[in-house]
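Everything on this sheet refers to the single structure shown next.
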Amino acid sequence: MNKTIRRASVFALLLVFALLVRATWVQFYDGKALADDKDNRRNAIETYAEPLGNIIVAGNSITGSSATKNSDLKYKRTYKDGKLYAAVTGYASQAYAPTQLEGIYQDVLNGTDNRLKTVMDTVTDKRADPGDVVTTIDPDVQKAAYDALGDKKGAAVAIDPKTGKILAVVSTPSYDPTSLTDANTAGTAWKKLNADSDKPLTNRALRQPLPPGSTFKLVVAAAALEDGLYSSVDEKTKSPDPYTLPGTTRELANENRSAPCENATIRTALQYSCNNVFAKMAVDLGQDKVKAMAEKFGFNDDEQDVPVRAYTSVYPSDMDRSSTALTGIGQYDVTATPLQMAMVSAAIANGGKLVSPHMVSQITDSGGDVLKNYDDSAGAKEIVDSDTAEQLQSAMQTVVEQGTGTNAKIDGATVGGKTGTAQHGENNSQTPYAWFTSYGKADGKEVAVAVVVEQSNAARSEVSGNGLAAPVAKAMMEAALKN
């Protein structure tokens, strides 16, 4: 063969090979990328070609699907009691990416999860019938929290300490997810919700850490008992009153100036919420020991999935001693979500063991067969030993029976709690955050709760954990413990 012709033939073959490679790349790699692109309308058309699967609470669907008119998107998502459950469901929208459980389990709910496919679905490449998401939410506890928070800006979480099941997740003010489902009207609703200064789209229960104030004193007390700094909640501490922050001339005041806080026991210090005791305790322990205990409870965990990813609750590092003292009362740079503070009470109530909190029990196929059971995988880890837990339970009961948490008392139930009023703004210039975390036990049932009220109509002088947050916690515990 002529040398020139041979070279031309080889070059032509290389060009053909390059075209084949490129065609293959476009078809299989770029094609998948284009198919998965969030702006590809074909995805929305396919997703909403059939009704979606549902999110289930206590055996009943709190979601649905309805047929649309004059649209290539044949169905849209609907919600029952949308505002009540918005912090659980999130939204599935024709216009925006899904959130919360709708987002995490979108493949199950729209039928594209491979676990849903039958043999025939695989052969025909047909989309499977959608599955359902079964939650752990107790509708009575959820409604009790929502009604008790009312028009207050805040959040609440309830957990079964023995199982880790999340019984309620409420964030107020809420919103109706239905307003975001239809592509033709979602834009107007989206702009209105995002312009609202109260931020109703924010899930305050899971995704807005705030200074926990005196509720964090439970963590410091646990660290002191576990470390052996004090052997009992009834041992006198070494706590001058007033207490001067180390390296400063600033005296740390107690809210109740007449409270017996000088050298008070841990029980008395929790009962009266003595700042001097826990600030001094944090300094005596040192930031590393307090941080280690906080992290055992779940602080600084940036992968806290329930299965919604919760924002990280923070205990800081690299502080001077005066800052460490302030962390002892849940201030400085300490932040926590209501979920996190409910976890603290849950571990204490459960004999020192924390069961992984989760708000999804199962995911199932369209026939109800279980694809995954999350209740079986919820592991427990020891946070404090059982003696420490029992002592803290006893001290928390004193808070409710004789101390700052009397509004959480429930007839016929054992209730322990801790109030918190966290400073907000420079020099506490803005309305403080009112906190309450607690546990309740009755007739073999248990529940752990945390509530934060960011803003209410109460006068500033009336803002307190006992006044605003404890009644919400009481309503939730009553609902969980009822026969």
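Ligands are numbered from 1 in the order shown, residues from 1 within each chain, and chains are lettered A, B, ... in the order they appear in the structure tokens.
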
message: I want to know what sits within 12 Å of A:Lys192, based on only C-alpha atoms, with residues of the same chain fewer than 6 positions away left out; could you give that as a PyMOL selection string?
response: chain A and resi 175+179-180+185-186+198-201

Where does stretch 365-393 of chain A meet stretch 220-236 of chain A within 10 Å, residue by residue, with the nearest atom pair and distance in Å to one decimal for each, counting only C-alpha atoms, listed by chain and rising number, as a Markdown table?
```
| residue | atom | partner | partner_atom | distance |
| --- | --- | --- | --- | --- |
| A:Ile383 | CA | A:Ala222 | CA | 9.2 |
| A:Val384 | CA | A:Glu226 | CA | 6.8 |
| A:Asp385 | CA | A:Glu226 | CA | 7.7 |
| A:Asp387 | CA | A:Leu225 | CA | 9.4 |
| A:Thr388 | CA | A:Leu225 | CA | 6.4 |
| A:Ala389 | CA | A:Ala222 | CA | 8.0 |
| A:Gln391 | CA | A:Val233 | CA | 6.3 |
| A:Leu392 | CA | A:Val233 | CA | 7.3 |
```

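Look at A:Ser71: the protein and nucleic acid residues within 12 Å of it, using only C-alpha atoms and passing over chain neighbours fewer than 6 places away, are Ala44, Ile45, Tyr48, Ala49, Gln94, Asp182, Ala183 and Asn184 of chain A.
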
Output N, CA and C atoms of each residue in that selection to a file, as a compact mmCIF listing (two decimals), in the first residue's frame.
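Result went into selection.txt, see below:
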```txt
# COMPACT_ATOMS: atom_id res chain seq x y z
N ALA A 44 -38.59 17.08 36.43
CA ALA A 44 -39.82 17.47 37.13
C ALA A 44 -41.03 16.80 36.50
N ILE A 45 -41.04 16.74 35.17
CA ILE A 45 -42.16 16.09 34.48
C ILE A 45 -42.27 14.63 34.90
N TYR A 48 -43.37 14.27 38.72
CA TYR A 48 -44.77 14.56 39.00
C TYR A 48 -45.72 13.97 37.96
N ALA A 49 -45.25 12.93 37.25
CA ALA A 49 -46.12 12.23 36.30
C ALA A 49 -47.14 11.36 37.01
N GLN A 94 -42.72 21.72 42.87
CA GLN A 94 -42.47 21.66 41.44
C GLN A 94 -41.44 22.69 41.00
N ASP A 182 -46.95 24.21 43.95
CA ASP A 182 -47.35 24.45 42.57
C ASP A 182 -46.40 25.43 41.91
N ALA A 183 -45.82 25.04 40.77
CA ALA A 183 -44.84 25.88 40.08
C ALA A 183 -45.42 27.23 39.68
N ASN A 184 -46.72 27.30 39.45
CA ASN A 184 -47.34 28.55 39.00
C ASN A 184 -47.50 29.57 40.11
```

Listing only residues of stretch 317-378 of chain A within 7 Å of stretch 164-169 of chain A, what is the closest atom pair and its distance in Å (to one decimal) for each, using only C-alpha atoms, sorted by chain and residue number ascending, as CSV?
```
residue,atom,partner,partner_atom,distance
A:Val355,CA,A:Gly164,CA,4.9
A:Ser356,CA,A:Gly164,CA,5.4
A:Pro357,CA,A:Gly164,CA,4.2
A:His358,CA,A:Lys165,CA,5.3
A:Met359,CA,A:Ile166,CA,4.8
A:Ala378,CA,A:Gly164,CA,7.0
```

With the cut-off set at 6 Å and counting only C-alpha atoms, tabulate each residue of stretch 255-314 of chain A with an atom at most that distance from an atom of stretch 206-211 of chain A, showing the nearest atom pair and its distance in Å to one decimal, ordered by chain and increasing number, as CSV.
```
residue,atom,partner,partner_atom,distance
A:Ala310,CA,A:Leu206,CA,4.9
A:Tyr311,CA,A:Arg207,CA,4.7
A:Ser313,CA,A:Pro209,CA,6.0
```

Selected residues, N, CA, C and O atoms, written as a PDB file, in the first residue's frame, please.
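Final output, selection27.pdb:
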```pdb
ATOM      1  N   ALA A 310     -28.843  18.047  61.486  1.00  0.00           N
ATOM      2  CA  ALA A 310     -28.993  19.133  62.448  1.00  0.00           C
ATOM      3  C   ALA A 310     -27.748  20.012  62.434  1.00  0.00           C
ATOM      4  O   ALA A 310     -26.631  19.524  62.230  1.00  0.00           O
ATOM      5  N   TYR A 311     -27.941  21.303  62.657  1.00  0.00           N
ATOM      6  CA  TYR A 311     -26.791  22.188  62.750  1.00  0.00           C
ATOM      7  C   TYR A 311     -25.982  21.831  63.994  1.00  0.00           C
ATOM      8  O   TYR A 311     -26.521  21.373  65.004  1.00  0.00           O
ATOM      9  N   SER A 313     -24.204  21.931  67.369  1.00  0.00           N
ATOM     10  CA  SER A 313     -24.194  22.633  68.649  1.00  0.00           C
ATOM     11  C   SER A 313     -22.740  22.736  69.106  1.00  0.00           C
ATOM     12  O   SER A 313     -22.003  21.753  69.010  1.00  0.00           O
TER      13      SER A 313
END
```

field: strand (DSSP E or B) residues, from DSSP on the backbone, in stretch 290-342 of chain A, as a PyMOL selection string
entry: chain A and resi 305+309+314+335-336

Can you spit out the residues from that selection as a PDB file, in the first residue's frame, using N, CA and C atoms?
```pdb
ATOM      1  N   ASP A 305     -27.311  13.457  62.236  1.00  0.00           N
ATOM      2  CA  ASP A 305     -28.425  13.215  61.319  1.00  0.00           C
ATOM      3  C   ASP A 305     -29.555  12.501  62.045  1.00  0.00           C
ATOM      4  N   ARG A 309     -30.093  16.586  58.700  1.00  0.00           N
ATOM      5  CA  ARG A 309     -28.832  17.028  59.287  1.00  0.00           C
ATOM      6  C   ARG A 309     -29.083  18.234  60.196  1.00  0.00           C
ATOM      7  N   VAL A 314     -22.347  23.893  69.589  1.00  0.00           N
ATOM      8  CA  VAL A 314     -20.915  24.173  69.750  1.00  0.00           C
ATOM      9  C   VAL A 314     -20.513  24.398  71.201  1.00  0.00           C
ATOM     10  N   THR A 335     -23.358  27.253  71.966  1.00  0.00           N
ATOM     11  CA  THR A 335     -24.657  27.275  71.292  1.00  0.00           C
ATOM     12  C   THR A 335     -25.237  25.864  71.273  1.00  0.00           C
ATOM     13  N   ALA A 336     -26.540  25.791  71.213  1.00  0.00           N
ATOM     14  CA  ALA A 336     -27.205  24.479  71.185  1.00  0.00           C
ATOM     15  C   ALA A 336     -28.547  24.586  70.492  1.00  0.00           C
TER      16      ALA A 336
END
```

task: Quick one: everything within 12 Å of stretch 109-113 of chain A, counting only C-alpha atoms, minus sequence neighbours fewer than 6 positions away in the same chain. Send it as an NGL selection string.
output: :A and (43-56 or 63-65 or 75-77 or 89 or 92 or 98 or 101-103 or 121-122 or 125-134 or 363-366 or 371)

Output C-alpha atoms of each residue in that selection to a file, as a PDB file, in the first residue's frame.
```
ATOM      1  CA  ASN A  43     -36.927  15.498  35.694  1.00  0.00           C
ATOM      2  CA  ALA A  44     -39.821  17.470  37.132  1.00  0.00           C
ATOM      3  CA  ILE A  45     -42.164  16.087  34.483  1.00  0.00           C
ATOM      4  CA  GLU A  46     -41.116  12.545  35.367  1.00  0.00           C
ATOM      5  CA  THR A  47     -41.251  13.160  39.131  1.00  0.00           C
ATOM      6  CA  TYR A  48     -44.774  14.565  38.997  1.00  0.00           C
ATOM      7  CA  ALA A  49     -46.118  12.229  36.297  1.00  0.00           C
ATOM      8  CA  GLU A  50     -47.656  10.068  39.038  1.00  0.00           C
ATOM      9  CA  PRO A  51     -48.694  10.622  42.677  1.00  0.00           C
ATOM     10  CA  LEU A  52     -45.809  10.618  45.153  1.00  0.00           C
ATOM     11  CA  GLY A  53     -45.463   8.247  48.089  1.00  0.00           C
ATOM     12  CA  ASN A  54     -46.411   9.554  51.504  1.00  0.00           C
ATOM     13  CA  ILE A  55     -44.989  10.570  54.857  1.00  0.00           C
ATOM     14  CA  ILE A  56     -46.800   8.718  57.638  1.00  0.00           C
ATOM     15  CA  THR A  63     -49.067  14.192  52.701  1.00  0.00           C
ATOM     16  CA  GLY A  64     -50.903  13.487  49.465  1.00  0.00           C
ATOM     17  CA  SER A  65     -50.933  14.278  45.752  1.00  0.00           C
ATOM     18  CA  TYR A  75     -49.582  15.986  39.941  1.00  0.00           C
ATOM     19  CA  LYS A  76     -48.520  18.232  42.792  1.00  0.00           C
ATOM     20  CA  ARG A  77     -47.820  17.560  46.447  1.00  0.00           C
ATOM     21  CA  THR A  89     -41.903  17.080  56.257  1.00  0.00           C
ATOM     22  CA  ALA A  92     -41.707  18.860  47.782  1.00  0.00           C
ATOM     23  CA  PRO A  98     -37.235  19.428  48.262  1.00  0.00           C
ATOM     24  CA  LEU A 101     -37.821  14.384  54.870  1.00  0.00           C
ATOM     25  CA  GLU A 102     -39.183  15.230  51.435  1.00  0.00           C
ATOM     26  CA  GLY A 103     -35.636  15.904  50.283  1.00  0.00           C
ATOM     27  CA  ASP A 121     -39.636  -2.833  36.466  1.00  0.00           C
ATOM     28  CA  THR A 122     -35.969  -3.584  35.811  1.00  0.00           C
ATOM     29  CA  ASP A 125     -37.140   0.283  32.831  1.00  0.00           C
ATOM     30  CA  LYS A 126     -40.441   1.449  34.303  1.00  0.00           C
ATOM     31  CA  ARG A 127     -40.441   3.697  37.337  1.00  0.00           C
ATOM     32  CA  ALA A 128     -41.422   1.701  40.392  1.00  0.00           C
ATOM     33  CA  ASP A 129     -44.452   2.441  42.500  1.00  0.00           C
ATOM     34  CA  PRO A 130     -43.351   4.967  45.156  1.00  0.00           C
ATOM     35  CA  GLY A 131     -42.636   4.003  48.742  1.00  0.00           C
ATOM     36  CA  ASP A 132     -43.600   5.638  52.033  1.00  0.00           C
ATOM     37  CA  VAL A 133     -41.685   7.159  54.931  1.00  0.00           C
ATOM     38  CA  VAL A 134     -42.981   6.118  58.357  1.00  0.00           C
ATOM     39  CA  ILE A 363     -39.171   3.248  54.860  1.00  0.00           C
ATOM     40  CA  THR A 364     -41.482   0.876  53.010  1.00  0.00           C
ATOM     41  CA  ASP A 365     -42.432  -0.022  49.464  1.00  0.00           C
ATOM     42  CA  SER A 366     -45.909   0.559  48.045  1.00  0.00           C
ATOM     43  CA  LEU A 371     -37.000  -1.567  53.014  1.00  0.00           C
TER      44      LEU A 371
END
```

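Here atom CA of A:Val415 is placed at a distance of 20.5 Å from atom CA of A:Phe297.
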
Secondary structure check, alpha helix (DSSP H) residues of stretch 236-381 of chain A, as an MDAnalysis selection string: chainID A and resid 266:272 275:285 287:297 321:327 338:349

Distance query A:Thr248 at most 12 Å, only C-alpha atoms, self and fewer than 5 positions along chain excluded, as a CSV table (one decimal) with all heavy atoms, in the first residue's frame:
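Final output, saved to part03.csv:
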```
chain,number,residue,atom,x,y,z
A,243,TYR,N,-18.8,35.8,92.6
A,243,TYR,CA,-17.6,35.2,92.0
A,243,TYR,C,-17.0,36.1,90.9
A,243,TYR,O,-17.7,36.6,90.0
A,243,TYR,CB,-18.0,33.9,91.3
A,243,TYR,CG,-16.9,33.2,90.5
A,243,TYR,CD1,-15.7,32.8,91.2
A,243,TYR,CD2,-17.0,33.0,89.2
A,243,TYR,CE1,-14.7,32.2,90.5
A,243,TYR,CE2,-16.0,32.4,88.5
A,243,TYR,CZ,-14.8,32.0,89.1
A,243,TYR,OH,-13.8,31.4,88.4
A,320,ASP,N,-9.6,31.8,77.3
A,320,ASP,CA,-9.0,32.1,78.6
A,320,ASP,C,-9.9,31.7,79.7
A,320,ASP,O,-11.0,31.2,79.5
A,320,ASP,CB,-8.6,33.6,78.7
A,320,ASP,CG,-9.9,34.5,78.6
A,320,ASP,OD1,-11.0,34.1,78.9
A,320,ASP,OD2,-9.7,35.7,78.2
A,321,ARG,N,-9.5,31.8,81.0
A,321,ARG,CA,-10.2,31.2,82.1
A,321,ARG,C,-11.6,32.0,82.3
A,321,ARG,O,-12.6,31.4,82.7
A,321,ARG,CB,-9.4,31.2,83.4
A,321,ARG,CG,-8.2,30.3,83.2
A,321,ARG,CD,-7.2,30.4,84.4
A,321,ARG,NE,-7.7,29.8,85.6
A,321,ARG,CZ,-7.8,30.4,86.8
A,321,ARG,NH1,-7.4,31.6,87.0
A,321,ARG,NH2,-8.3,29.7,87.8
A,322,SER,N,-11.6,33.3,82.0
A,322,SER,CA,-12.8,34.0,82.2
A,322,SER,C,-13.9,33.6,81.2
A,322,SER,O,-15.1,33.5,81.6
A,322,SER,CB,-12.6,35.6,82.1
A,322,SER,OG,-12.2,35.9,80.8
A,323,SER,N,-13.4,33.3,80.0
A,323,SER,CA,-14.4,32.8,79.0
A,323,SER,C,-14.9,31.4,79.3
A,323,SER,O,-16.0,31.1,79.1
A,323,SER,CB,-13.7,32.9,77.6
A,323,SER,OG,-13.4,34.2,77.2
A,325,ALA,N,-15.3,30.3,82.3
A,325,ALA,CA,-16.3,30.5,83.3
A,325,ALA,C,-17.6,30.8,82.7
A,325,ALA,O,-18.6,30.3,83.2
A,325,ALA,CB,-15.8,31.6,84.3
```

- prompt: Which residues come within 12 Å of A:Ala395, counting only C-alpha atoms, excluding same-chain residues fewer than 3 positions away, as a ChimeraX atom specification?
  reply: /A:217-218,221-222,232-234,265-273,348-349,388-392,398-405,415-418,438

task: Please identify all polymer residues within 9 Å of A:Asn466, counting only C-alpha atoms, omitting same-chain residues fewer than 5 positions from it, and present them as a PyMOL selection string.
output: chain A and resi 404-408+418-420+434-436+471

Dump as a short mmCIF file (atom, residue, chain, number, x, y, z; two decimals), in the first residue's frame, selection limited to N, CA and C atoms:
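Final output, selection.cif:
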```cif
data_model
loop_
_atom_site.label_atom_id
_atom_site.label_comp_id
_atom_site.auth_asym_id
_atom_site.auth_seq_id
_atom_site.Cartn_x
_atom_site.Cartn_y
_atom_site.Cartn_z
N THR A 404 -36.66 26.64 90.23
CA THR A 404 -37.04 27.58 89.18
C THR A 404 -37.93 26.98 88.10
N GLY A 405 -38.25 25.67 88.20
CA GLY A 405 -39.02 25.02 87.14
C GLY A 405 -40.37 24.51 87.57
N THR A 406 -41.03 25.19 88.52
CA THR A 406 -42.28 24.67 89.09
C THR A 406 -43.43 24.61 88.09
N ASN A 407 -43.35 25.39 87.01
CA ASN A 407 -44.44 25.37 86.02
C ASN A 407 -44.48 24.09 85.21
N ALA A 408 -43.51 23.21 85.41
CA ALA A 408 -43.48 21.94 84.67
C ALA A 408 -44.04 20.77 85.49
N LYS A 418 -34.63 21.72 83.98
CA LYS A 418 -33.70 22.83 84.20
C LYS A 418 -34.11 23.99 83.32
N THR A 419 -34.23 25.14 83.95
CA THR A 419 -34.56 26.37 83.24
C THR A 419 -33.29 27.03 82.69
N GLY A 420 -33.51 27.94 81.77
CA GLY A 420 -32.40 28.74 81.26
C GLY A 420 -32.93 30.05 80.69
N ALA A 434 -35.58 32.20 76.33
CA ALA A 434 -36.11 31.41 77.45
C ALA A 434 -36.04 29.93 77.10
N TRP A 435 -35.36 29.15 77.94
CA TRP A 435 -35.15 27.72 77.70
C TRP A 435 -35.75 26.88 78.82
N PHE A 436 -36.11 25.66 78.45
CA PHE A 436 -36.42 24.65 79.46
C PHE A 436 -36.14 23.28 78.87
N PRO A 471 -44.11 25.83 80.56
CA PRO A 471 -45.48 25.40 80.26
C PRO A 471 -45.60 24.64 78.94
#
```

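Here atom CA of A:Gln362 and atom CA of A:Ile137 stand 12.0 Å from one another.
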
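The shortest atom-to-atom distance to A:Tyr439, with only C-alpha atoms taken into account, belongs to A:Gly351 out of A:Gly368, A:Pro173, A:Gly328, A:Gly351.
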
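Taking atom CA of A:Gly444 and atom CA of A:Asn373 as endpoints, the distance between them is 24.1 Å.
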
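Take the candidates A:Ala346, A:Val472, A:Ala155, A:Cys261 and check each one against A:Gln455 using only C-alpha atoms; the shortest distance goes to A:Ala155.
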